[in-house]
Amino acid sequence: MSRPHLESDPLSLTRRPRRLRRNPSIRSLVSETQLTVDDLIYPMFVMEGENQRVEIASMPGCYRYTLDLLLKEVAELYTLGIKAIALFPVVSESKKDDNGTESYNPEGLAQQTVTAIKAQTPETIVITDVALDPFTTHGHDGVIDENGVILNDETVAILIKMAVSQAQAGCDMVAPSDMMDGRIGAIRKALDENGFTDVGILAYSAKYASAYYGPFRDALDSAPKFGDKKTYQMDPANAREALEEVALDIIEGADIVMVKPALAYLDIIHQVKANCNVPVAAYNVSGEYSLIKAAAQLGWIDEKKIIMETLLSIKRAGADLILTYFAKEVALILHNK
Ligand code: PBG
């Protein structure tokens, strides 16, 4: 191709930002943000039974696994460099009750799964969810009174038992996702009193009342049977309140704070990062996953590129860690598999 003739003199520019974009080598030298498998946590669903995995209809590529198959998957993930998982049990209706008592059953599915994973792949960091919604007949994260009001302190009393039972099973971190007031401090105290000073707390600190959790509730059959979660999860209109929640959780003993969801809340991630000195996690939630999967299935987007750009944006906003259902795909992309 011939170079077009420049009618006038070249622009007299001292600064030409394009110099640093000339080729891949220069671009990689000045790249400000890196996405690596080291920063990813893979949320996984475990169900009762044997030798089965069932794809979640609204989350193509994500499965509920029985424990035996989950163990195989965890081992494979470890070889791919994914060394942290967030575990969610699928609890059958017959085990649910109003107070979510199954949540602290020492022989419960989550507890058994944690013990089995740590026996098989001790290097894998197992993070357990602390909230009552998979275990309650009404689907709320806490216990309720006769008017359906979610009771804070009564719920925290149960969450403490749940967290301690998970620590006894061998988890590395507990992740309270319930949004009750004061639960981080209460859980820290209970863990310490029971000798689990090394079990960490990944706090869902700024968790919004979001419609993006829909597919996850399909995965766990955990949609609330009445009302919504707005009396405990945060109003999407609020940013300052996120900083207040984060500050409280850090005072109470959170090791890592989290913003959830991620994409509609990149500004919150950014502000949280600027305002605290503990690692910041972001949860790239189920609905964010499903949006990309659906468009990819329709052939409307380049899925791999969209995944990488999306997760990079979460890191650029300030997240140190990302919980994402794309973790395995990212590992495969980064390993060119
Ligand atoms: C419940 C919990 C939810 C998610 C994680 N823990 C759903 C909810 O609050 O209703 C959502 C995760 C996702 O959408 O990927 N304690």
# chains A, B, ... in the order shown; residues from 1 in each chain; ligands from 1
>>> residues_around(residues="A:Val37", least_positions_apart="6", cutoff="10 Å", atoms="only C-alpha atoms", output="JSON, numbers by chain")
{"A": [80, 81, 82, 83, 84, 321, 322, 327, 328, 330, 331, 332, 334, 335]}
>>> write_last_selection(atoms="C-alpha atoms", output="PDB file, in the first residue's frame")
ATOM      1  CA  LEU A  80      -4.753 -25.411  35.793  1.00  0.00           C
ATOM      2  CA  GLY A  81      -3.570 -23.042  38.520  1.00  0.00           C
ATOM      3  CA  ILE A  82      -6.927 -22.391  40.171  1.00  0.00           C
ATOM      4  CA  LYS A  83      -6.255 -22.920  43.812  1.00  0.00           C
ATOM      5  CA  ALA A  84      -9.257 -21.389  45.484  1.00  0.00           C
ATOM      6  CA  LEU A 321      -9.309 -11.030  43.716  1.00  0.00           C
ATOM      7  CA  ILE A 322     -12.240 -12.039  41.545  1.00  0.00           C
ATOM      8  CA  ALA A 327     -12.287 -18.985  36.216  1.00  0.00           C
ATOM      9  CA  LYS A 328     -11.723 -22.299  34.464  1.00  0.00           C
ATOM     10  CA  VAL A 330      -9.775 -18.028  31.818  1.00  0.00           C
ATOM     11  CA  ALA A 331      -7.208 -20.596  32.931  1.00  0.00           C
ATOM     12  CA  LEU A 332      -7.665 -22.484  29.658  1.00  0.00           C
ATOM     13  CA  LEU A 334      -4.256 -18.171  29.488  1.00  0.00           C
ATOM     14  CA  HIS A 335      -2.701 -21.629  29.001  1.00  0.00           C
TER      15      HIS A 335
END
>>> residues_near_ligand(ligand="ligand 1", cutoff="6 Å", atoms="only C-alpha atoms and all ligand atoms", output="list in words")
Ala131, Asp133, Asp141, Ser177, Asp178, Tyr212, Tyr213, Phe216, Val285 and Ser286 of chain A
>>> select_by_dssp(residues="stretch 4-74 of chain A", states="helix (DSSP H, G or I)", output="ChimeraX atom specification")
/A:17-21,24-30,37-39,67-74
>>> closest_residue(among="A:Ile187, A:Ala242, A:Ile125, A:Ala247", to="A:Val156", atoms="only C-alpha atoms")
A:Ile187
>>> residues_around(residues="A:Gln233", least_positions_apart="4", cutoff="12 Å", atoms="only C-alpha atoms", output="list of chain:residue names")
A:His140, A:Asp141, A:Gly142, A:Ile150, A:Ser177, A:Asp178, A:Met179, A:Met180, A:Asp181, A:Tyr204, A:Ser205, A:Ala206, A:Lys207, A:Tyr208, A:Ala209, A:Ser210, A:Ala211, A:Tyr213, A:Asp228, A:Lys229, A:Ala237, A:Asn238, A:Glu241, A:Ala242, A:Glu245, A:Val259, A:Lys260, A:Pro261
>>> closest_residue(among="A:Val246, A:Gly139, A:Leu6, A:Val272", to="A:Lys225", atoms="only C-alpha atoms")
A:Gly139
>>> closest_residue(among="A:Leu151, A:Ala295, A:Leu13, A:Val130", to="A:Pro60", atoms="only C-alpha atoms")
A:Ala295
>>> closest_residue(among="A:Gly299, A:Gly287, A:Pro24, A:Gly195", to="A:Met59", atoms="only C-alpha atoms")
A:Gly287
>>> atom_distance(atom1="atom CA of A:Leu291", atom2="atom CA of A:Glu32")
27.1 Å
>>> atom_distance(atom1="atom CA of A:Ile85", atom2="atom CA of A:Lys118")
11.5 Å
>>> atom_distance(atom1="atom CA of A:Asp38", atom2="atom CA of A:Tyr325")
14.8 Å
>>> select_by_dssp(residues="stretch 31-237 of chain A", states="strand (DSSP E or B)", output="MDAnalysis selection string")
chainID A and resid 40:47 53:56 59:66 84:89 97 125:130 136 143:144 150:151 173:176 200:208 234
>>> decode(residues="stretch 200-262 of chain A", atoms="C-alpha atoms", output="PDB file, in the first residue's frame")
ATOM      1  CA  GLY A 200      -9.907 -16.293  57.699  1.00  0.00           C
ATOM      2  CA  ILE A 201     -12.975 -14.222  56.915  1.00  0.00           C
ATOM      3  CA  LEU A 202     -13.794 -13.094  53.394  1.00  0.00           C
ATOM      4  CA  ALA A 203     -16.607 -10.658  54.108  1.00  0.00           C
ATOM      5  CA  TYR A 204     -19.324  -9.896  51.615  1.00  0.00           C
ATOM      6  CA  SER A 205     -19.158  -6.314  52.843  1.00  0.00           C
ATOM      7  CA  ALA A 206     -20.910  -4.320  50.143  1.00  0.00           C
ATOM      8  CA  LYS A 207     -23.466  -6.757  48.842  1.00  0.00           C
ATOM      9  CA  TYR A 208     -26.248  -5.118  46.899  1.00  0.00           C
ATOM     10  CA  ALA A 209     -29.892  -6.192  46.529  1.00  0.00           C
ATOM     11  CA  SER A 210     -29.350  -7.103  42.903  1.00  0.00           C
ATOM     12  CA  ALA A 211     -31.346  -8.734  40.137  1.00  0.00           C
ATOM     13  CA  TYR A 212     -28.070 -10.191  38.882  1.00  0.00           C
ATOM     14  CA  TYR A 213     -28.327 -13.072  41.377  1.00  0.00           C
ATOM     15  CA  GLY A 214     -31.241 -14.699  39.522  1.00  0.00           C
ATOM     16  CA  PRO A 215     -29.355 -17.589  37.862  1.00  0.00           C
ATOM     17  CA  PHE A 216     -27.553 -18.445  41.135  1.00  0.00           C
ATOM     18  CA  ARG A 217     -30.901 -18.797  42.872  1.00  0.00           C
ATOM     19  CA  ASP A 218     -31.887 -21.223  40.072  1.00  0.00           C
ATOM     20  CA  ALA A 219     -28.690 -23.159  40.726  1.00  0.00           C
ATOM     21  CA  LEU A 220     -29.477 -23.557  44.421  1.00  0.00           C
ATOM     22  CA  ASP A 221     -33.298 -23.474  44.268  1.00  0.00           C
ATOM     23  CA  SER A 222     -32.956 -20.722  46.838  1.00  0.00           C
ATOM     24  CA  ALA A 223     -35.109 -17.853  45.556  1.00  0.00           C
ATOM     25  CA  PRO A 224     -36.961 -16.137  48.431  1.00  0.00           C
ATOM     26  CA  LYS A 225     -40.543 -17.408  48.708  1.00  0.00           C
ATOM     27  CA  PHE A 226     -41.849 -13.990  49.757  1.00  0.00           C
ATOM     28  CA  GLY A 227     -40.638 -10.422  49.550  1.00  0.00           C
ATOM     29  CA  ASP A 228     -37.127  -9.425  48.595  1.00  0.00           C
ATOM     30  CA  LYS A 229     -33.785  -8.985  50.326  1.00  0.00           C
ATOM     31  CA  LYS A 230     -33.834  -5.191  50.531  1.00  0.00           C
ATOM     32  CA  THR A 231     -33.947  -5.024  54.329  1.00  0.00           C
ATOM     33  CA  TYR A 232     -30.475  -6.561  54.513  1.00  0.00           C
ATOM     34  CA  GLN A 233     -28.756  -6.258  51.128  1.00  0.00           C
ATOM     35  CA  MET A 234     -27.765  -2.758  50.042  1.00  0.00           C
ATOM     36  CA  ASP A 235     -29.628  -0.271  47.869  1.00  0.00           C
ATOM     37  CA  PRO A 236     -27.952  -0.047  44.422  1.00  0.00           C
ATOM     38  CA  ALA A 237     -28.292   3.733  44.693  1.00  0.00           C
ATOM     39  CA  ASN A 238     -25.784   3.955  47.549  1.00  0.00           C
ATOM     40  CA  ALA A 239     -22.006   4.283  47.430  1.00  0.00           C
ATOM     41  CA  ARG A 240     -21.081   5.955  50.741  1.00  0.00           C
ATOM     42  CA  GLU A 241     -22.905   3.220  52.588  1.00  0.00           C
ATOM     43  CA  ALA A 242     -20.557   0.667  50.979  1.00  0.00           C
ATOM     44  CA  LEU A 243     -17.602   2.422  52.595  1.00  0.00           C
ATOM     45  CA  GLU A 244     -19.381   2.317  55.945  1.00  0.00           C
ATOM     46  CA  GLU A 245     -20.056  -1.431  55.595  1.00  0.00           C
ATOM     47  CA  VAL A 246     -16.439  -2.063  54.604  1.00  0.00           C
ATOM     48  CA  ALA A 247     -15.104  -0.005  57.516  1.00  0.00           C
ATOM     49  CA  LEU A 248     -17.291  -1.889  59.990  1.00  0.00           C
ATOM     50  CA  ASP A 249     -16.264  -5.279  58.616  1.00  0.00           C
ATOM     51  CA  ILE A 250     -12.578  -4.404  58.867  1.00  0.00           C
ATOM     52  CA  ILE A 251     -12.966  -3.209  62.455  1.00  0.00           C
ATOM     53  CA  GLU A 252     -14.825  -6.435  63.216  1.00  0.00           C
ATOM     54  CA  GLY A 253     -12.039  -8.575  61.778  1.00  0.00           C
ATOM     55  CA  ALA A 254     -12.558  -9.149  58.040  1.00  0.00           C
ATOM     56  CA  ASP A 255      -9.347 -10.304  56.319  1.00  0.00           C
ATOM     57  CA  ILE A 256     -10.669  -9.564  52.835  1.00  0.00           C
ATOM     58  CA  VAL A 257     -13.636  -7.359  51.922  1.00  0.00           C
ATOM     59  CA  MET A 258     -15.850  -7.916  48.921  1.00  0.00           C
ATOM     60  CA  VAL A 259     -18.045  -5.920  46.594  1.00  0.00           C
ATOM     61  CA  LYS A 260     -20.876  -7.767  44.882  1.00  0.00           C
ATOM     62  CA  PRO A 261     -21.956  -7.733  42.064  1.00  0.00           C
ATOM     63  CA  ALA A 262     -18.943  -6.452  40.148  1.00  0.00           C
TER      64      ALA A 262
END
